[in-house]
file work.pdb (PDB, C-alpha atoms)
ATOM      1  CA  MET J  44      89.126 238.475 249.141  1.00  0.00           C
ATOM      2  CA  VAL J  45      88.317 235.301 247.197  1.00  0.00           C
ATOM      3  CA  GLN J  46      91.239 232.928 246.837  1.00  0.00           C
ATOM      4  CA  TYR J  47      91.122 231.355 243.376  1.00  0.00           C
ATOM      5  CA  TYR J  48      94.364 229.422 243.612  1.00  0.00           C
ATOM      6  CA  TRP J  49      95.594 227.263 246.435  1.00  0.00           C
ATOM      7  CA  ASN J  50      98.192 228.994 248.516  1.00  0.00           C
ATOM      8  CA  PRO J  51      99.564 227.115 251.550  1.00  0.00           C
ATOM      9  CA  ALA J  52     100.368 230.415 253.295  1.00  0.00           C
ATOM     10  CA  TYR J  53      96.768 231.678 253.010  1.00  0.00           C
ATOM     11  CA  PRO J  54      94.302 230.268 255.580  1.00  0.00           C
ATOM     12  CA  GLN J  55      91.591 228.240 253.850  1.00  0.00           C
ATOM     13  CA  GLN J  56      87.940 228.947 254.648  1.00  0.00           C
ATOM     14  CA  GLN J  57      85.592 226.087 255.292  1.00  0.00           C
ATOM     15  CA  MET J  58      82.270 226.185 253.478  1.00  0.00           C
ATOM     16  CA  ILE J  59      79.373 225.310 255.759  1.00  0.00           C
ATOM     17  CA  PRO J  60      76.200 224.213 253.945  1.00  0.00           C
ATOM     18  CA  PRO J  61      73.029 226.094 254.911  1.00  0.00           C
ATOM     19  CA  GLN J  62      70.537 224.408 257.218  1.00  0.00           C
ATOM     20  CA  VAL J  63      67.318 223.352 255.493  1.00  0.00           C
ATOM     21  CA  THR J  64      64.063 223.222 257.405  1.00  0.00           C
ATOM     22  CA  LEU J  65      60.850 221.771 256.041  1.00  0.00           C
ATOM     23  CA  PRO J  66      57.508 223.476 256.611  1.00  0.00           C
ATOM     24  CA  SER J  67      55.704 221.861 259.525  1.00  0.00           C
ATOM     25  CA  ASN J  68      52.162 222.777 258.429  1.00  0.00           C
ATOM     26  CA  ARG J  69      52.025 219.910 255.884  1.00  0.00           C
ATOM     27  CA  PRO J  70      51.505 216.302 256.948  1.00  0.00           C
ATOM     28  CA  PRO J  71      54.431 214.009 256.144  1.00  0.00           C
ATOM     29  CA  ALA J  72      54.196 212.191 252.827  1.00  0.00           C
ATOM     30  CA  THR J  73      53.161 208.575 253.235  1.00  0.00           C
ATOM     31  CA  GLY J  74      53.015 205.852 250.636  1.00  0.00           C
ATOM     32  CA  GLU J  75      53.673 206.374 246.965  1.00  0.00           C
ATOM     33  CA  GLN J  76      53.320 209.619 245.060  1.00  0.00           C
ATOM     34  CA  SER J  77      51.238 210.167 241.940  1.00  0.00           C
ATOM     35  CA  TYR J  78      53.963 209.737 239.351  1.00  0.00           C
ATOM     36  CA  ILE J  79      52.904 208.044 236.105  1.00  0.00           C
ATOM     37  CA  GLU J  80      54.851 204.862 236.795  1.00  0.00           C
ATOM     38  CA  ASN J  81      53.160 204.515 240.194  1.00  0.00           C
ATOM     39  CA  ILE J  82      49.707 205.030 238.655  1.00  0.00           C
ATOM     40  CA  LEU J  83      50.484 202.415 235.989  1.00  0.00           C
ATOM     41  CA  ARG J  84      51.662 200.045 238.717  1.00  0.00           C
ATOM     42  CA  LEU J  85      48.376 200.529 240.619  1.00  0.00           C
ATOM     43  CA  ASN J  86      46.494 199.506 237.472  1.00  0.00           C
ATOM     44  CA  ARG J  87      48.514 196.439 236.470  1.00  0.00           C
ATOM     45  CA  GLY J  88      46.521 194.005 234.367  1.00  0.00           C
ATOM     46  CA  LYS J  89      43.878 196.502 233.204  1.00  0.00           C
ATOM     47  CA  PRO J  90      43.469 196.666 229.417  1.00  0.00           C
ATOM     48  CA  GLY J  91      44.270 199.951 227.742  1.00  0.00           C
ATOM     49  CA  VAL J  92      45.789 201.682 224.741  1.00  0.00           C
ATOM     50  CA  PHE J  93      49.285 203.023 225.406  1.00  0.00           C
ATOM     51  CA  HIS J  94      50.622 205.740 223.121  1.00  0.00           C
ATOM     52  CA  PHE J  95      54.310 206.313 222.476  1.00  0.00           C
ATOM     53  CA  SER J  96      56.174 208.690 220.187  1.00  0.00           C
ATOM     54  CA  PHE J  97      59.778 208.600 219.085  1.00  0.00           C
ATOM     55  CA  GLU J  98      61.809 211.611 217.992  1.00  0.00           C
ATOM     56  CA  HIS J  99      64.100 209.587 215.729  1.00  0.00           C
ATOM     57  CA  ALA J 100      62.166 207.107 213.602  1.00  0.00           C
ATOM     58  CA  ILE J 101      63.750 204.550 211.291  1.00  0.00           C
ATOM     59  CA  GLU J 102      61.182 205.283 208.588  1.00  0.00           C
ATOM     60  CA  PRO J 103      59.798 208.791 207.977  1.00  0.00           C
ATOM     61  CA  GLY J 104      56.271 209.209 209.357  1.00  0.00           C
ATOM     62  CA  LYS J 105      56.564 206.176 211.647  1.00  0.00           C
ATOM     63  CA  ASN J 106      57.386 207.946 214.877  1.00  0.00           C
ATOM     64  CA  THR J 107      54.300 206.915 216.876  1.00  0.00           C
ATOM     65  CA  LEU J 108      53.070 203.590 218.203  1.00  0.00           C
ATOM     66  CA  ALA J 109      49.870 202.621 220.001  1.00  0.00           C
ATOM     67  CA  VAL J 110      49.929 199.328 221.888  1.00  0.00           C
ATOM     68  CA  VAL J 111      46.648 197.703 222.933  1.00  0.00           C
ATOM     69  CA  GLY J 112      47.640 195.743 225.972  1.00  0.00           C
ATOM     70  CA  ARG J 113      48.070 195.452 229.715  1.00  0.00           C
ATOM     71  CA  VAL J 114      50.692 196.788 232.098  1.00  0.00           C
ATOM     72  CA  GLU J 115      52.801 193.970 233.495  1.00  0.00           C
ATOM     73  CA  ALA J 116      55.252 196.162 235.401  1.00  0.00           C
ATOM     74  CA  ALA J 117      56.336 199.778 235.640  1.00  0.00           C
ATOM     75  CA  GLY J 118      59.455 201.327 237.063  1.00  0.00           C
ATOM     76  CA  ARG J 119      60.871 204.807 237.397  1.00  0.00           C
ATOM     77  CA  ASP J 120      62.110 204.899 233.800  1.00  0.00           C
ATOM     78  CA  HIS J 121      60.316 202.054 232.004  1.00  0.00           C
ATOM     79  CA  VAL J 122      57.059 200.183 231.475  1.00  0.00           C
ATOM     80  CA  ILE J 123      56.549 196.555 230.426  1.00  0.00           C
ATOM     81  CA  LEU J 124      53.404 195.922 228.371  1.00  0.00           C
ATOM     82  CA  SER J 125      51.878 192.705 227.030  1.00  0.00           C
ATOM     83  CA  GLU J 126      49.946 193.165 223.810  1.00  0.00           C
ATOM     84  CA  VAL J 127      46.388 191.781 223.784  1.00  0.00           C
ATOM     85  CA  GLY J 128      45.868 188.989 221.276  1.00  0.00           C
ATOM     86  CA  THR J 129      49.502 188.316 220.415  1.00  0.00           C
ATOM     87  CA  ASN J 130      50.833 188.259 223.996  1.00  0.00           C
ATOM     88  CA  LYS J 131      53.905 190.034 222.595  1.00  0.00           C
ATOM     89  CA  ARG J 132      55.832 191.882 225.318  1.00  0.00           C
ATOM     90  CA  TYR J 133      57.295 195.369 225.049  1.00  0.00           C
ATOM     91  CA  LEU J 134      59.789 197.172 227.242  1.00  0.00           C
ATOM     92  CA  PHE J 135      59.499 200.929 226.670  1.00  0.00           C
ATOM     93  CA  PRO J 136      61.531 203.687 228.277  1.00  0.00           C
ATOM     94  CA  MET J 137      59.113 206.162 229.912  1.00  0.00           C
ATOM     95  CA  ILE J 138      60.646 209.056 227.948  1.00  0.00           C
ATOM     96  CA  TYR J 139      58.677 207.809 224.913  1.00  0.00           C
ATOM     97  CA  PHE J 140      55.349 207.461 226.784  1.00  0.00           C
ATOM     98  CA  ASP J 141      52.707 210.031 225.785  1.00  0.00           C
ATOM     99  CA  TYR J 142      49.457 208.881 227.383  1.00  0.00           C
ATOM    100  CA  ALA J 143      47.174 205.902 228.022  1.00  0.00           C
ATOM    101  CA  GLU J 144      43.475 205.280 227.441  1.00  0.00           C
ATOM    102  CA  PHE J 145      41.387 202.984 229.634  1.00  0.00           C
ATOM    103  CA  ASN J 146      37.724 201.998 229.275  1.00  0.00           C
ATOM    104  CA  GLU J 147      37.252 201.420 232.984  1.00  0.00           C
ATOM    105  CA  GLU J 148      37.802 203.251 236.233  1.00  0.00           C
ATOM    106  CA  LEU J 149      41.423 203.521 237.331  1.00  0.00           C
ATOM    107  CA  ASN J 150      42.892 202.907 240.743  1.00  0.00           C
ATOM    108  CA  TYR J 151      44.471 206.059 242.145  1.00  0.00           C
ATOM    109  CA  PHE J 152      45.931 207.326 245.373  1.00  0.00           C
ATOM    110  CA  ASN J 153      43.816 208.502 248.295  1.00  0.00           C
ATOM    111  CA  GLN J 154      43.012 212.176 247.684  1.00  0.00           C
ATOM    112  CA  ASN J 155      42.299 212.935 251.357  1.00  0.00           C
ATOM    113  CA  PRO J 156      45.477 214.606 252.705  1.00  0.00           C
ATOM    114  CA  LEU J 157      44.614 213.603 256.282  1.00  0.00           C
ATOM    115  CA  GLY J 158      44.155 209.936 255.748  1.00  0.00           C
TER     116      GLY J 158
END

call {"tool": "encode", "arguments": {"input": "work.pdb", "output": "structure tokens"}}
result
Amino acid sequence: MVQYYWNPAYPQQQMIPPQVTLPSNRPPATGEQSYIENILRLNRGKPGVFHFSFEHAIEPGKNTLAVVGRVEAAGRDHVILSEVGTNKRYLFPMIYFDYAEFNEELNYFNQNPLG
């Protein structure tokens, strides 16, 4: 019987959370993972074109923006860009980030799972 209301005369059951075990056939994760903000952080200072789109634009038809610049910093939910030429700085939430274009090779994480 499931007790929906508290009754001091009815003994209360204690809920015990299930034990979780991780598979042991995979090596433990080391270092950073390949999330976009981590990849941007690995490539700080490299010039690129960063594309953003916004669901709610102030003016109709102006819901996208491409910034030609460099990554200064990147966090879990944001990226800071400096625009080439003007040195103007932007702080964008990552939810608006679409993609980036680079004309040079990017730094990325080691793809060898054993080392």

call {"tool": "residues_around", "arguments": {"input": "work.pdb", "residues": "Glu144 of chain J", "least_positions_apart": "2", "cutoff": "12 Å", "atoms": "all atoms listed in the file", "output": "count of residues only"}}
result
20

call {"tool": "atom_distance", "arguments": {"input": "work.pdb", "atom1": "atom CA of Phe152 of chain J", "atom2": "atom CA of Phe140 of chain J"}}
result
20.8 Å

call {"tool": "atom_distance", "arguments": {"input": "work.pdb", "atom1": "atom CA of Asn130 of chain J", "atom2": "atom CA of Lys105 of chain J"}}
result
22.5 Å

call {"tool": "resolve_selection", "arguments": {"input": "work.pdb", "expression": "the PyMOL selection byres ((chain J and resi 114) around 6)", "output": "PDB file with C-alpha atoms, in the coordinates of the input"}}
result
ATOM      1  CA  ARG J  87      48.514 196.439 236.470  1.00  0.00           C
ATOM      2  CA  GLY J  88      46.521 194.005 234.367  1.00  0.00           C
ATOM      3  CA  ARG J 113      48.070 195.452 229.715  1.00  0.00           C
ATOM      4  CA  GLU J 115      52.801 193.970 233.495  1.00  0.00           C
ATOM      5  CA  ALA J 116      55.252 196.162 235.401  1.00  0.00           C
ATOM      6  CA  LEU J 124      53.404 195.922 228.371  1.00  0.00           C
TER       7      LEU J 124
END

call {"tool": "atom_distance", "arguments": {"input": "work.pdb", "atom1": "atom CA of Ile79 of chain J", "atom2": "atom CA of Pro136 of chain J"}}
result
12.4 Å

call {"tool": "decode", "arguments": {"input": "work.pdb", "residues": "segment 137-154 of chain J", "atoms": "N, CA and C atoms", "output": "PDB file, in the first residue's frame"}}
result
ATOM      1  N   MET J 137      26.486  31.246 -25.391  1.00  0.00           N
ATOM      2  CA  MET J 137      26.703  30.142 -26.326  1.00  0.00           C
ATOM      3  C   MET J 137      25.400  29.660 -26.972  1.00  0.00           C
ATOM      4  N   ILE J 138      24.256  29.949 -26.373  1.00  0.00           N
ATOM      5  CA  ILE J 138      22.996  29.492 -26.967  1.00  0.00           C
ATOM      6  C   ILE J 138      22.760  30.125 -28.335  1.00  0.00           C
ATOM      7  N   TYR J 139      23.419  31.246 -28.629  1.00  0.00           N
ATOM      8  CA  TYR J 139      23.261  31.909 -29.920  1.00  0.00           C
ATOM      9  C   TYR J 139      24.326  31.480 -30.934  1.00  0.00           C
ATOM     10  N   PHE J 140      25.329  30.739 -30.503  1.00  0.00           N
ATOM     11  CA  PHE J 140      26.431  30.321 -31.378  1.00  0.00           C
ATOM     12  C   PHE J 140      25.946  29.252 -32.345  1.00  0.00           C
ATOM     13  N   ASP J 141      26.231  29.441 -33.645  1.00  0.00           N
ATOM     14  CA  ASP J 141      25.884  28.450 -34.663  1.00  0.00           C
ATOM     15  C   ASP J 141      27.111  27.644 -35.074  1.00  0.00           C
ATOM     16  N   TYR J 142      28.127  28.339 -35.584  1.00  0.00           N
ATOM     17  CA  TYR J 142      29.345  27.654 -36.013  1.00  0.00           C
ATOM     18  C   TYR J 142      30.448  28.679 -36.227  1.00  0.00           C
ATOM     19  N   ALA J 143      31.673  28.170 -36.444  1.00  0.00           N
ATOM     20  CA  ALA J 143      32.827  29.035 -36.692  1.00  0.00           C
ATOM     21  C   ALA J 143      33.585  28.517 -37.902  1.00  0.00           C
ATOM     22  N   GLU J 144      34.207  29.438 -38.618  1.00  0.00           N
ATOM     23  CA  GLU J 144      35.053  29.099 -39.765  1.00  0.00           C
ATOM     24  C   GLU J 144      36.471  29.568 -39.473  1.00  0.00           C
ATOM     25  N   PHE J 145      37.441  28.704 -39.753  1.00  0.00           N
ATOM     26  CA  PHE J 145      38.849  29.041 -39.580  1.00  0.00           C
ATOM     27  C   PHE J 145      39.584  28.713 -40.872  1.00  0.00           C
ATOM     28  N   ASN J 146      40.594  29.504 -41.211  1.00  0.00           N
ATOM     29  CA  ASN J 146      41.395  29.250 -42.407  1.00  0.00           C
ATOM     30  C   ASN J 146      42.706  28.552 -42.087  1.00  0.00           C
ATOM     31  N   GLU J 147      42.824  28.017 -40.909  1.00  0.00           N
ATOM     32  CA  GLU J 147      44.025  27.286 -40.525  1.00  0.00           C
ATOM     33  C   GLU J 147      43.637  26.077 -39.685  1.00  0.00           C
ATOM     34  N   GLU J 148      44.596  25.207 -39.487  1.00  0.00           N
ATOM     35  CA  GLU J 148      44.353  23.999 -38.709  1.00  0.00           C
ATOM     36  C   GLU J 148      44.014  24.357 -37.261  1.00  0.00           C
ATOM     37  N   LEU J 149      43.087  23.608 -36.692  1.00  0.00           N
ATOM     38  CA  LEU J 149      42.664  23.864 -35.315  1.00  0.00           C
ATOM     39  C   LEU J 149      43.347  22.914 -34.353  1.00  0.00           C
ATOM     40  N   ASN J 150      43.568  23.395 -33.147  1.00  0.00           N
ATOM     41  CA  ASN J 150      44.019  22.515 -32.072  1.00  0.00           C
ATOM     42  C   ASN J 150      42.816  21.736 -31.585  1.00  0.00           C
ATOM     43  N   TYR J 151      43.039  20.459 -31.283  1.00  0.00           N
ATOM     44  CA  TYR J 151      41.947  19.589 -30.831  1.00  0.00           C
ATOM     45  C   TYR J 151      42.510  18.613 -29.832  1.00  0.00           C
ATOM     46  N   PHE J 152      41.658  17.870 -29.197  1.00  0.00           N
ATOM     47  CA  PHE J 152      42.072  16.931 -28.171  1.00  0.00           C
ATOM     48  C   PHE J 152      42.693  15.692 -28.776  1.00  0.00           C
ATOM     49  N   ASN J 153      43.556  15.025 -28.028  1.00  0.00           N
ATOM     50  CA  ASN J 153      44.179  13.788 -28.465  1.00  0.00           C
ATOM     51  C   ASN J 153      43.102  12.762 -28.773  1.00  0.00           C
ATOM     52  N   GLN J 154      43.116  12.179 -29.953  1.00  0.00           N
ATOM     53  CA  GLN J 154      42.098  11.223 -30.365  1.00  0.00           C
ATOM     54  C   GLN J 154      42.455   9.784 -30.010  1.00  0.00           C
TER      55      GLN J 154
END
